[in-house]
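Asks: What follows is protein-v8.tsv, made up of TSV, C-alpha atoms:
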chain	number	residue	atom	x	y	z
K	1	MET	CA	-22.38	25.59	-37.84
K	2	ILE	CA	-20.54	23.02	-35.76
K	3	LYS	CA	-17.41	25.19	-35.66
K	4	THR	CA	-19.44	28.13	-34.40
K	5	LEU	CA	-20.88	25.99	-31.63
K	6	PHE	CA	-17.47	24.60	-30.67
K	7	THR	CA	-16.12	28.13	-30.53
K	8	PHE	CA	-19.06	29.16	-28.38
K	9	VAL	CA	-18.56	26.32	-25.90
K	10	PHE	CA	-14.85	26.90	-25.58
K	11	THR	CA	-15.41	30.63	-25.18
K	12	VAL	CA	-17.82	29.92	-22.35
K	13	MET	CA	-15.13	27.76	-20.75
K	14	LEU	CA	-12.40	30.35	-21.24
K	15	VAL	CA	-14.51	33.19	-19.90
K	16	GLY	CA	-15.16	30.93	-16.95
K	17	CYS	CA	-11.41	30.58	-16.46
K	18	VAL	CA	-10.54	34.24	-16.40
K	19	SER	CA	-13.48	35.70	-14.49
K	20	SER	CA	-12.41	36.19	-10.91
K	21	ASN	CA	-14.12	36.17	-7.54
K	22	ASN	CA	-13.63	38.58	-4.70
K	23	GLY	CA	-12.64	37.60	-1.19
K	24	THR	CA	-12.37	34.28	0.55
K	25	LEU	CA	-14.91	31.54	0.18
K	26	TYR	CA	-15.94	32.39	3.75
K	27	GLN	CA	-16.76	35.96	2.68
K	28	GLN	CA	-18.66	34.68	-0.35
K	29	LEU	CA	-20.71	32.62	2.11
K	30	ASN	CA	-21.57	35.85	3.94
K	31	GLY	CA	-19.22	35.11	6.83
K	32	LYS	CA	-20.23	33.88	10.28
K	33	GLN	CA	-23.92	34.56	9.78
K	34	GLY	CA	-24.00	32.72	6.43
K	35	VAL	CA	-22.15	29.70	7.78
K	36	GLU	CA	-24.45	29.45	10.80
K	37	LYS	CA	-27.56	29.64	8.63
K	38	LEU	CA	-26.17	27.01	6.29
K	39	VAL	CA	-25.39	24.61	9.14
K	40	GLU	CA	-28.87	25.17	10.57
K	41	SER	CA	-30.42	24.27	7.18
K	42	PHE	CA	-28.16	21.23	6.92
K	43	ILE	CA	-29.20	19.96	10.36
K	44	ASN	CA	-32.81	20.50	9.36
K	45	GLN	CA	-32.23	18.48	6.16
K	46	ILE	CA	-30.68	15.63	8.16
K	47	GLY	CA	-33.60	15.71	10.61
K	48	HIS	CA	-35.98	15.01	7.76
K	49	ASP	CA	-33.96	12.17	6.21
K	50	GLU	CA	-34.53	8.79	7.87
K	51	GLN	CA	-31.62	7.16	6.07
K	52	ILE	CA	-29.09	9.65	7.44
K	53	LEU	CA	-30.77	10.55	10.74
K	54	ALA	CA	-30.05	7.00	11.90
K	55	TYR	CA	-26.33	7.83	12.06
K	56	PHE	CA	-27.05	10.76	14.37
K	57	LYS	CA	-29.14	8.88	16.92
K	58	GLN	CA	-26.32	8.97	19.48
K	59	SER	CA	-25.13	12.49	18.63
K	60	ASN	CA	-25.36	15.70	20.55
K	61	VAL	CA	-26.86	18.14	18.04
K	62	ALA	CA	-25.43	21.25	19.73
K	63	HIS	CA	-21.96	19.70	19.67
K	64	PHE	CA	-22.33	18.77	15.99
K	65	ARG	CA	-23.63	22.26	15.12
K	66	GLN	CA	-20.69	24.03	16.76
K	67	GLY	CA	-18.16	21.56	15.37
K	68	PHE	CA	-19.44	21.85	11.79
K	69	ILE	CA	-19.70	25.67	11.96
K	70	THR	CA	-16.04	25.89	13.01
K	71	HIS	CA	-15.00	23.25	10.49
K	72	LEU	CA	-16.78	25.02	7.60
K	73	CYS	CA	-15.35	28.36	8.69
K	74	SER	CA	-11.86	26.90	8.69
K	75	VAL	CA	-12.28	25.02	5.39
K	76	THR	CA	-13.53	28.19	3.65
K	77	ASP	CA	-10.53	30.24	4.84
K	78	GLY	CA	-12.49	32.01	7.56
K	79	PRO	CA	-10.94	33.29	10.82
K	80	CYS	CA	-11.35	29.98	12.66
K	81	GLU	CA	-9.24	26.99	13.44
K	82	TYR	CA	-10.99	23.65	13.76
K	83	LYS	CA	-9.63	21.95	16.89
K	84	GLY	CA	-12.39	19.40	17.33
K	85	ASP	CA	-12.13	15.64	16.99
K	86	ASN	CA	-10.57	14.52	13.73
K	87	MET	CA	-12.69	13.02	10.96
K	88	VAL	CA	-11.37	9.49	11.44
K	89	ASP	CA	-12.14	9.42	15.19
K	90	ILE	CA	-15.64	10.81	14.67
K	91	HIS	CA	-16.61	8.32	11.97
K	92	THR	CA	-14.84	5.16	13.08
K	93	GLY	CA	-17.33	2.40	13.77
K	94	MET	CA	-20.13	4.14	11.86
K	95	ASN	CA	-19.35	2.13	8.73
K	96	ILE	CA	-20.75	4.81	6.41
K	97	SER	CA	-21.34	3.49	2.88
K	98	LYS	CA	-20.44	5.36	-0.30
K	99	LYS	CA	-24.14	5.67	-0.98
K	100	ASP	CA	-24.88	7.27	2.40
K	101	PHE	CA	-21.89	9.59	2.03
K	102	ASN	CA	-23.34	10.85	-1.25
K	103	ARG	CA	-26.73	11.21	0.41
K	104	VAL	CA	-25.15	13.55	2.98
K	105	VAL	CA	-23.53	15.51	0.13
K	106	GLU	CA	-26.98	15.86	-1.42
K	107	LEU	CA	-28.44	17.09	1.88
K	108	LEU	CA	-25.68	19.69	2.08
K	109	ILE	CA	-26.47	20.74	-1.51
K	110	ASN	CA	-30.16	21.01	-0.56
K	111	ALA	CA	-29.19	23.18	2.39
K	112	MET	CA	-27.01	25.40	0.17
K	113	ASP	CA	-29.89	25.70	-2.32
K	114	GLU	CA	-32.20	26.61	0.53
K	115	GLN	CA	-29.79	29.36	1.59
K	116	GLN	CA	-29.57	30.51	-2.04
K	117	ILE	CA	-25.82	30.08	-2.14
K	118	PRO	CA	-24.61	30.59	-5.73
K	119	GLN	CA	-23.77	27.46	-7.75
K	120	THR	CA	-20.10	28.40	-8.09
K	121	VAL	CA	-19.66	28.93	-4.33
K	122	GLN	CA	-21.45	25.61	-3.67
K	123	ASN	CA	-19.09	23.76	-6.01
K	124	LYS	CA	-16.01	25.30	-4.40
K	125	ILE	CA	-17.20	24.34	-0.92
K	126	LEU	CA	-17.81	20.77	-2.09
K	127	SER	CA	-14.37	20.62	-3.69
K	128	ARG	CA	-12.83	21.55	-0.31
K	129	LEU	CA	-14.86	18.93	1.57
K	130	ALA	CA	-14.62	16.09	-0.99
K	131	PRO	CA	-10.99	15.14	-0.12
K	132	LEU	CA	-12.18	14.24	3.42
K	133	ARG	CA	-14.15	11.27	2.07
K	134	PRO	CA	-11.48	8.61	2.75
K	135	GLU	CA	-11.44	9.73	6.42
K	136	ILE	CA	-15.20	9.26	6.68
K	137	ILE	CA	-16.46	6.23	4.71
K	138	ASP	CA	-16.12	2.48	5.30
K	139	ILE	CA	-14.49	2.82	8.74
P	140	MET	CA	-36.71	-4.72	-31.46
P	141	LYS	CA	-39.00	-7.45	-30.13
P	142	HIS	CA	-36.50	-8.65	-27.54
P	143	LEU	CA	-36.05	-5.15	-26.24
P	144	ASN	CA	-39.77	-4.57	-25.76
P	145	TRP	CA	-39.89	-7.72	-23.69
P	146	LEU	CA	-36.87	-6.68	-21.69
P	147	PHE	CA	-38.28	-3.22	-21.03
P	148	GLY	CA	-41.67	-4.63	-20.06
P	149	LEU	CA	-40.21	-7.17	-17.68
P	150	THR	CA	-37.81	-4.68	-16.17
P	151	PHE	CA	-40.54	-2.13	-15.67
P	152	ILE	CA	-42.75	-4.64	-13.87
P	153	VAL	CA	-39.98	-5.99	-11.64
P	154	PHE	CA	-38.54	-2.64	-10.68
P	155	THR	CA	-41.73	-0.64	-10.24
P	156	SER	CA	-43.39	-3.37	-8.19
P	157	SER	CA	-40.41	-3.61	-5.87
P	158	GLY	CA	-40.18	0.17	-5.55
P	159	PHE	CA	-36.48	-0.26	-6.14
P	160	ALA	CA	-34.28	2.45	-7.58
P	161	ALA	CA	-30.53	2.74	-7.25
P	162	SER	CA	-29.58	6.20	-5.99
P	163	GLY	CA	-26.07	5.91	-4.55
P	164	LYS	CA	-24.33	8.25	-6.98
P	165	LEU	CA	-24.59	12.01	-7.20
P	166	LEU	CA	-26.99	13.48	-9.75
P	167	ALA	CA	-25.73	13.40	-13.36
P	168	THR	CA	-22.47	11.59	-12.53
P	169	PRO	CA	-23.36	8.35	-14.44
P	170	GLY	CA	-23.58	10.29	-17.72
P	171	VAL	CA	-26.09	9.34	-20.39
P	172	SER	CA	-26.33	6.58	-23.05
P	173	GLN	CA	-24.18	6.59	-26.16
P	174	VAL	CA	-25.34	5.22	-29.54
P	175	GLU	CA	-23.70	1.82	-29.04
P	176	GLY	CA	-25.49	1.27	-25.73
P	177	SER	CA	-22.73	1.97	-23.20
P	178	ALA	CA	-22.86	4.70	-20.58
P	179	GLY	CA	-21.23	7.74	-22.08
P	180	GLY	CA	-22.06	10.87	-23.93
P	181	GLY	CA	-23.78	10.65	-27.30
P	182	ILE	CA	-21.04	9.13	-29.47
P	183	VAL	CA	-18.24	8.34	-26.97
P	184	PRO	CA	-18.36	5.65	-24.24
P	185	TRP	CA	-17.19	7.06	-20.90
P	186	ALA	CA	-15.44	5.48	-17.91
P	187	GLN	CA	-18.54	5.78	-15.73
P	188	LEU	CA	-20.80	2.76	-15.44
P	189	ALA	CA	-24.45	3.29	-16.37
P	190	GLY	CA	-26.99	4.19	-13.72
P	191	TYR	CA	-26.98	5.32	-10.11
P	192	ALA	CA	-25.78	2.07	-8.51
P	193	SER	CA	-23.23	2.47	-5.74
P	194	ASP	CA	-20.98	-0.42	-4.63
P	195	ASP	CA	-23.86	-2.16	-2.84
P	196	GLU	CA	-26.58	-1.57	-5.44
P	197	ILE	CA	-27.77	-2.80	-8.82
P	198	ALA	CA	-29.14	-0.40	-11.44
P	199	LEU	CA	-31.05	-1.00	-14.62
P	200	ASN	CA	-31.57	1.62	-17.32
P	201	GLY	CA	-33.34	1.81	-20.65
P	202	PHE	CA	-32.80	4.35	-23.39
P	203	CYS	CA	-33.83	5.34	-26.90
P	204	SER	CA	-32.02	7.75	-29.18
P	205	ARG	CA	-32.54	9.21	-32.63
P	206	ALA	CA	-30.00	10.84	-34.90
P	207	ASN	CA	-31.34	12.61	-37.94
P	208	VAL	CA	-28.77	13.83	-40.45
P	209	SER	CA	-28.98	15.09	-44.03
P	210	ASP	CA	-29.37	11.75	-45.83
P	211	TYR	CA	-29.82	9.18	-43.04
P	212	ARG	CA	-31.55	8.42	-39.79
P	213	LEU	CA	-30.35	6.22	-36.92
P	214	ASP	CA	-32.71	4.88	-34.24
P	215	VAL	CA	-31.26	3.08	-31.24
P	216	CYS	CA	-32.88	1.54	-28.19
P	217	GLY	CA	-31.07	-0.38	-25.50
P	218	ALA	CA	-30.63	-1.27	-21.86
P	219	GLN	CA	-27.81	-1.38	-19.32
P	220	LEU	CA	-27.34	-3.32	-16.12
P	221	ASN	CA	-24.91	-2.00	-13.52
P	222	VAL	CA	-23.76	-4.51	-10.92
P	223	TYR	CA	-22.25	-2.95	-7.79
P	224	ASP	CA	-20.72	-0.14	-9.84
P	225	ARG	CA	-18.07	-2.64	-10.89
P	226	VAL	CA	-19.44	-4.15	-14.11
P	227	GLU	CA	-21.82	-2.76	-16.72
P	228	PHE	CA	-23.64	-5.00	-19.20
P	229	SER	CA	-25.39	-3.41	-22.15
P	230	TYR	CA	-27.46	-4.36	-25.14
P	231	ALA	CA	-28.57	-2.10	-27.97
P	232	GLU	CA	-30.35	-2.44	-31.29
P	233	GLN	CA	-29.66	0.04	-34.04
P	234	ARG	CA	-31.75	0.71	-37.12
P	235	PHE	CA	-30.04	2.82	-39.77
P	236	GLU	CA	-32.45	4.12	-42.35
P	237	VAL	CA	-31.32	4.99	-45.86
P	238	PRO	CA	-34.36	6.64	-47.46
P	239	ALA	CA	-32.62	7.10	-50.82
P	240	LEU	CA	-32.28	3.33	-51.19
P	241	ASN	CA	-35.52	2.64	-49.36
P	242	THR	CA	-33.65	0.27	-47.08
P	243	ASP	CA	-32.74	-0.27	-43.39
P	244	ILE	CA	-29.55	-1.67	-41.91
P	245	GLU	CA	-29.97	-3.27	-38.49
P	246	GLN	CA	-27.24	-4.07	-35.99
P	247	SER	CA	-27.24	-5.43	-32.46
P	248	ILE	CA	-24.51	-4.59	-29.95
P	249	THR	CA	-23.72	-6.46	-26.76
P	250	GLY	CA	-21.38	-4.66	-24.41
P	251	ALA	CA	-19.58	-5.03	-21.11
P	252	LYS	CA	-17.48	-2.56	-19.15
P	253	VAL	CA	-15.40	-3.08	-16.02
P	254	ARG	CA	-14.41	-0.26	-13.70
P	255	LEU	CA	-10.71	-0.75	-13.05
P	256	TYR	CA	-10.02	2.19	-10.78
P	257	GLY	CA	-11.45	5.22	-9.11
P	258	ASP	CA	-14.49	7.41	-8.90
P	259	ILE	CA	-15.05	10.35	-11.24
P	260	VAL	CA	-15.77	12.71	-8.34
P	261	TYR	CA	-13.61	11.57	-5.44
P	262	SER	CA	-10.49	9.71	-6.51
P	263	LYS	CA	-7.26	11.62	-7.03
P	264	TRP	CA	-6.68	10.11	-10.48
P	265	PRO	CA	-9.42	9.75	-13.12
P	266	GLN	CA	-11.84	6.84	-13.08
P	267	LEU	CA	-10.56	4.17	-15.45
P	268	SER	CA	-12.64	1.50	-17.21
P	269	LEU	CA	-12.08	-1.18	-19.81
P	270	GLY	CA	-14.95	-2.02	-22.15
P	271	VAL	CA	-15.91	-4.23	-25.03
P	272	GLN	CA	-18.66	-3.89	-27.65
P	273	HIS	CA	-19.55	-6.87	-29.80
P	274	LYS	CA	-21.47	-5.82	-32.90
P	275	SER	CA	-23.34	-7.94	-35.37
P	276	LEU	CA	-25.24	-6.92	-38.51
P	277	ASP	CA	-28.59	-8.63	-39.10
P	278	ASP	CA	-28.02	-8.56	-42.85
P	279	GLY	CA	-24.49	-7.96	-44.06
P	280	SER	CA	-25.20	-7.71	-47.77
P	281	ILE	CA	-24.70	-3.93	-48.06
P	282	ALA	CA	-21.50	-4.13	-45.97
P	283	SER	CA	-20.12	-6.90	-48.17
P	284	LEU	CA	-21.11	-5.03	-51.32
P	285	LEU	CA	-19.12	-2.00	-50.13
P	286	GLY	CA	-16.03	-4.16	-49.55
P	287	ALA	CA	-16.16	-4.80	-45.79
P	288	LYS	CA	-14.25	-7.90	-44.64
P	289	ASP	CA	-16.70	-8.96	-41.93
P	290	THR	CA	-20.31	-8.47	-40.90
P	291	SER	CA	-19.58	-8.67	-37.18
P	292	GLY	CA	-16.77	-7.31	-35.05
P	293	THR	CA	-15.60	-6.47	-31.57
P	294	ASP	CA	-14.35	-3.10	-30.32
P	295	ILE	CA	-12.24	-2.84	-27.17
P	296	TYR	CA	-11.83	0.47	-25.40
P	297	LEU	CA	-10.10	2.02	-22.41
P	298	ALA	CA	-11.75	5.14	-20.98
P	299	ALA	CA	-10.65	7.66	-18.37
P	300	SER	CA	-12.92	10.34	-16.94
P	301	LYS	CA	-12.95	12.95	-14.20
P	302	LEU	CA	-15.28	15.57	-12.77
P	303	HIS	CA	-13.43	18.55	-11.31
P	304	LEU	CA	-15.60	20.31	-8.72
P	305	GLY	CA	-15.68	24.08	-9.13
P	306	ALA	CA	-12.73	23.96	-11.53
P	307	LEU	CA	-13.94	26.45	-14.15
P	308	ALA	CA	-14.48	29.67	-12.19
P	309	GLY	CA	-16.57	27.66	-9.77
P	310	TYR	CA	-18.41	25.55	-12.33
P	311	ASN	CA	-17.96	21.78	-12.40
P	312	TRP	CA	-15.85	20.58	-15.31
P	313	PHE	CA	-16.01	17.08	-16.78
P	314	TRP	CA	-13.72	15.40	-19.28
P	315	ASN	CA	-13.36	11.92	-20.74
P	316	THR	CA	-10.84	10.36	-23.10
P	317	THR	CA	-11.27	6.97	-24.74
P	318	PHE	CA	-8.90	4.83	-26.78
P	319	ARG	CA	-10.76	2.36	-28.96
P	320	TYR	CA	-9.29	-0.57	-30.89
P	321	SER	CA	-11.69	-1.15	-33.76
P	322	ASP	CA	-12.16	-1.95	-37.44
P	323	ALA	CA	-15.83	-0.89	-37.56
P	324	ASN	CA	-17.04	1.14	-40.52
P	325	GLN	CA	-19.56	3.80	-39.42
P	326	LEU	CA	-20.12	2.06	-36.04
P	327	GLY	CA	-20.23	-1.29	-37.88
P	328	LEU	CA	-23.37	-0.39	-39.84
P	329	LEU	CA	-21.23	-0.66	-42.98
P	330	GLY	CA	-19.42	-3.76	-41.74
P	331	PHE	CA	-15.93	-4.29	-40.36
P	332	GLY	CA	-12.55	-3.82	-42.00
P	333	GLY	CA	-11.90	-3.14	-45.65
P	334	PRO	CA	-9.94	-4.27	-48.71
P	335	ASP	CA	-6.54	-3.54	-47.16
P	336	SER	CA	-7.34	-2.17	-43.75
P	337	ASP	CA	-7.21	-3.73	-40.30
P	338	LYS	CA	-7.99	-2.78	-36.70
P	339	LYS	CA	-6.69	0.59	-35.55
P	340	LEU	CA	-6.33	2.46	-32.28
P	341	LEU	CA	-8.71	5.42	-32.39
P	342	PHE	CA	-8.96	8.41	-30.04
P	343	GLU	CA	-12.20	9.82	-28.69
P	344	ALA	CA	-12.86	12.62	-26.22
P	345	SER	CA	-15.65	14.54	-24.52
P	346	THR	CA	-15.75	17.54	-22.26
P	347	ALA	CA	-18.58	19.37	-20.55
P	348	VAL	CA	-19.31	22.10	-18.06
P	349	PHE	CA	-22.23	21.97	-15.63
P	350	LEU	CA	-24.13	25.25	-15.80
P	351	THR	CA	-26.37	24.10	-12.91
P	352	HIS	CA	-26.77	20.89	-10.87
P	353	GLU	CA	-29.01	19.60	-13.65
P	354	ILE	CA	-27.68	20.92	-16.95
P	355	ALA	CA	-24.42	20.12	-18.71
P	356	LEU	CA	-23.16	21.69	-21.93
P	357	GLY	CA	-20.45	19.85	-23.79
P	358	VAL	CA	-18.66	18.72	-26.93
P	359	GLU	CA	-17.44	15.36	-28.22
P	360	TYR	CA	-14.99	14.19	-30.84
P	361	ARG	CA	-14.53	10.69	-32.24
P	362	VAL	CA	-11.76	9.72	-34.65
P	363	LYS	CA	-12.88	7.26	-37.34
P	364	SER	CA	-10.89	5.12	-39.70
P	365	ASN	CA	-11.52	5.02	-43.42
P	366	ASN	CA	-11.31	1.27	-44.07
P	367	LEU	CA	-13.65	1.20	-47.06
P	368	GLY	CA	-12.02	4.11	-48.92
P	369	LEU	CA	-15.38	5.90	-48.94
P	370	GLY	CA	-14.05	8.98	-47.18
P	371	GLU	CA	-15.30	8.14	-43.68
P	372	GLN	CA	-14.61	11.17	-41.46
P	373	ASP	CA	-14.31	11.94	-37.76
P	374	TRP	CA	-17.52	12.60	-35.84
P	375	GLN	CA	-18.24	15.52	-33.55
P	376	ASP	CA	-21.13	16.96	-31.63
P	377	VAL	CA	-22.20	19.70	-29.26
P	378	PHE	CA	-24.66	18.58	-26.60
P	379	VAL	CA	-26.90	19.71	-23.79
P	380	ALA	CA	-27.86	17.11	-21.19
P	381	TRP	CA	-30.61	17.67	-18.65
P	382	PHE	CA	-30.89	15.62	-15.45
P	383	PRO	CA	-34.12	16.80	-13.75
P	384	ASN	CA	-33.86	13.91	-11.24
P	385	LYS	CA	-32.31	10.44	-10.83
P	386	TYR	CA	-35.03	8.75	-12.89
P	387	VAL	CA	-34.58	10.34	-16.28
P	388	SER	CA	-32.12	12.26	-18.43
P	389	ILE	CA	-32.67	13.98	-21.76
P	390	THR	CA	-29.88	14.82	-24.18
P	391	ALA	CA	-30.07	16.97	-27.29
P	392	ALA	CA	-27.15	17.43	-29.63
P	393	TRP	CA	-26.05	18.92	-32.91
P	394	LEU	CA	-24.09	16.37	-34.96
P	395	ASP	CA	-21.46	16.67	-37.64
P	396	LEU	CA	-20.78	13.17	-38.95
P	397	GLY	CA	-18.88	14.20	-42.08
P	398	SER	CA	-19.19	11.94	-45.09
P	399	ILE	CA	-21.18	8.68	-44.84
P	400	ALA	CA	-21.00	6.18	-47.71
P	401	GLY	CA	-20.14	8.90	-50.20
P	402	ALA	CA	-22.81	11.37	-49.07
P	403	GLU	CA	-20.99	14.40	-47.70
P	404	ASP	CA	-21.74	16.91	-44.94
P	405	GLN	CA	-23.99	14.77	-42.80
P	406	THR	CA	-25.12	17.20	-40.14
P	407	GLY	CA	-28.27	17.16	-38.07
P	408	TRP	CA	-29.81	16.75	-34.63
P	409	TYR	CA	-29.80	14.07	-31.98
P	410	LEU	CA	-32.20	13.38	-29.16
P	411	SER	CA	-31.85	10.74	-26.46
P	412	VAL	CA	-33.81	9.77	-23.37
P	413	THR	CA	-32.55	7.44	-20.62
P	414	GLY	CA	-34.68	6.08	-17.80
P	415	TYR	CA	-32.98	4.89	-14.59
P	416	TRP	CA	-34.22	2.34	-12.05
Can I see the file as structure tokens?
Replies:
Amino acid sequence: MIKTLFTFVFTVMLVGCVSSNNGTLYQQLNGKQGVEKLVESFINQIGHDEQILAYFKQSNVAHFRQGFITHLCSVTDGPCEYKGDNMVDIHTGMNISKKDFNRVVELLINAMDEQQIPQTVQNKILSRLAPLRPEIIDI
Amino acid sequence: MKHLNWLFGLTFIVFTSSGFAASGKLLATPGVSQVEGSAGGGIVPWAQLAGYASDDEIALNGFCSRANVSDYRLDVCGAQLNVYDRVEFSYAEQRFEVPALNTDIEQSITGAKVRLYGDIVYSKWPQLSLGVQHKSLDDGSIASLLGAKDTSGTDIYLAASKLHLGALAGYNWFWNTTFRYSDANQLGLLGFGGPDSDKKLLFEASTAVFLTHEIALGVEYRVKSNNLGLGEQDWQDVFVAWFPNKYVSITAAWLDLGSIAGAEDQTGWYLSVTGYW
């Protein structure tokens, strides 16, 4: 019994390993249109979260929208190059805690759920953004 | 279990009245509660500290678990306190029922775990923690009868764990490995050490894949030593853990615990519920 289950679990994992995806992450996000919709959802999520909205009190929403669209496009191998302010400059002085960083991650996940982005694409986007954390928190 | 009821009651009152709940970690990342009370899987303690406390929060969790195998049943309830995601304190009470002998063996376990390095999601290297579990049998007569040297003992373990985002064709992959220095016989329920056996370094491991944000499917393996010469065997399980929100998790597992005190092929099910404040 237990051996069968072990075999099953490892098979699931192996199948996971070999199954392949088509196109760039940007294409899997449905390109420009998909990225724009996602960022719109994300901004909407932030607007309804008091804890996080506080950080955006001084921000220009249009500037943030355009910056994040280009950044996401670039991070997902889309045809864009992010030339905006670097992460450290943007977040210096904001003193963002680990807790609030994770809250923003959750808001992005909510936005991706709202846009019905598949689980696997969501995870891959998060894995591209996660390494930016040291340039964002506690500065 | 009297102390635990008090602790749960008090905790419930304090935390519900203050409306407090730690929420600084991502869903599911603290893991669940293992049978000795530490944050972990079902049978292996993991490097994560219990509960959703971030580095400026305190978390308190309570759990109860039941393992039902061919000839025995184990009931465990316990609690964990996470202070600033740096230190975890835990306490658990186990009741091991042996219907054939119409007897119960009870053991209490006090634990502590310190996070030495990292974060299972974000750090480059795995999160690393050092833990200790002090175990004490209420009545050591069965352990002594079977040839155990002691009726209380202390395990020390070093655990490393990591969650790889999107690593398995886009699904999140988790693994943990633990090295435990222990002379416990069947968790300590059958005492500590044996006629000519001392503490050993034992390997334990878990791995899981997240099918959704809320559901993880995994396996665990725990090497055991055979101090009493009763054919104690390694433990293994296959589990499904469900994290519907940051307040509760439910884990179901299929266990294969091998031979216990001469009774072979101890397989059966496991169910565990953890509440998080």
Asks: Can you pull out every residue within 10 Å of region 52-69 of chain K, counting all atoms listed in the file, but drop anything in the same chain fewer than 3 positions away, and send it as a count of residues only?
Replies: 33
Asks: Find, counting all atoms listed in the file, the residue in P:Ser247, P:Thr346, P:Thr293, P:Gln272 that gets nearest to chain K.
Replies: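 Ranked by minimum distance to chain K, first place goes to P:Thr346.
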Asks: Based on all atoms listed in the file, which of the residues in chain P come within 10 Å of chain K? I want them as a ChimeraX atom specification.
Replies: /P:161-166,191-196,260-263,303-312,346-352,356-359,375-378,393-395,406-407
Asks: Would you list the contacts of Ser336 (chain P) as a ChimeraX atom specification, taking every protein, DNA or RNA residue within 12 Å and counting all atoms listed in the file, but skipping same-chain residues closer than 4 positions in sequence?
Replies: /P:286-289,321-324,331-332,364-368
Asks: Between CA of Leu326 (chain P) and CA of Ala282 (chain P), what is the spacing in Å?
Replies: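 Taking CA of Ala282 (chain P) as the start and CA of Leu326 (chain P) as the end point, the length is 11.8 Å.
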Asks: Do you have the CA of Ile90 (chain K)-CA of Thr70 (chain K) distance handy?
Replies: 15.2 Å
Asks: Please list as a PyMOL selection string every residue within 10 Å of Trp381 (chain P), counting only C-alpha atoms and excluding residues in the same chain fewer than 2 positions away.
Replies: chain P and resi 167+171+349+351-356+378-379+383-384+387-391+412
Asks: Quick check, in Å to one decimal: how far apart do CA of Gly31 (chain K) and CA of Leu129 (chain K) lie?
Replies: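 Separation between CA of Gly31 (chain K) and CA of Leu129 (chain K): 17.6 Å.
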Asks: Between P:Tyr409, P:Tyr360, P:Tyr211, P:Trp314, which has the minimum distance to Pro238 (chain P) (counting only C-alpha atoms)?
Replies: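 Looking only at the distances to Pro238 (chain P), the closest residue turns out to be P:Tyr211.
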Asks: As an MDAnalysis selection string, please: the residues near Asp89 (chain K) (cut-off 12 Å, only C-alpha atoms, same-chain neighbours under 3 positions excluded).
Replies: chainID K and resid 84:86 92:94 135:137 139
Asks: Using only C-alpha atoms, can you tell me which of P:Cys203, P:Pro184, P:Asp258, P:Ser229 comes closest to Ala298 (chain P)?
Replies: P:Pro184
Asks: Taking 2 positions as the minimum chain separation for residues in the same chain, which residues sit within 12 Å of Gln246 (chain P) when counting only C-alpha atoms? Answer as number ranges by chain.
Replies: P: 140, 174-176, 213-217, 230-236, 243-244, 248-249, 272-279, 282, 290-292, 323, 325-330
Asks: Go through P:Leu396, P:Leu284, P:Ala206, P:Ala198 and flag the residue nearest Gln173 (chain P), using all atoms listed in the file for the distances.
Replies: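 The shortest atom-to-atom distance to Gln173 (chain P) comes from P:Ala206.
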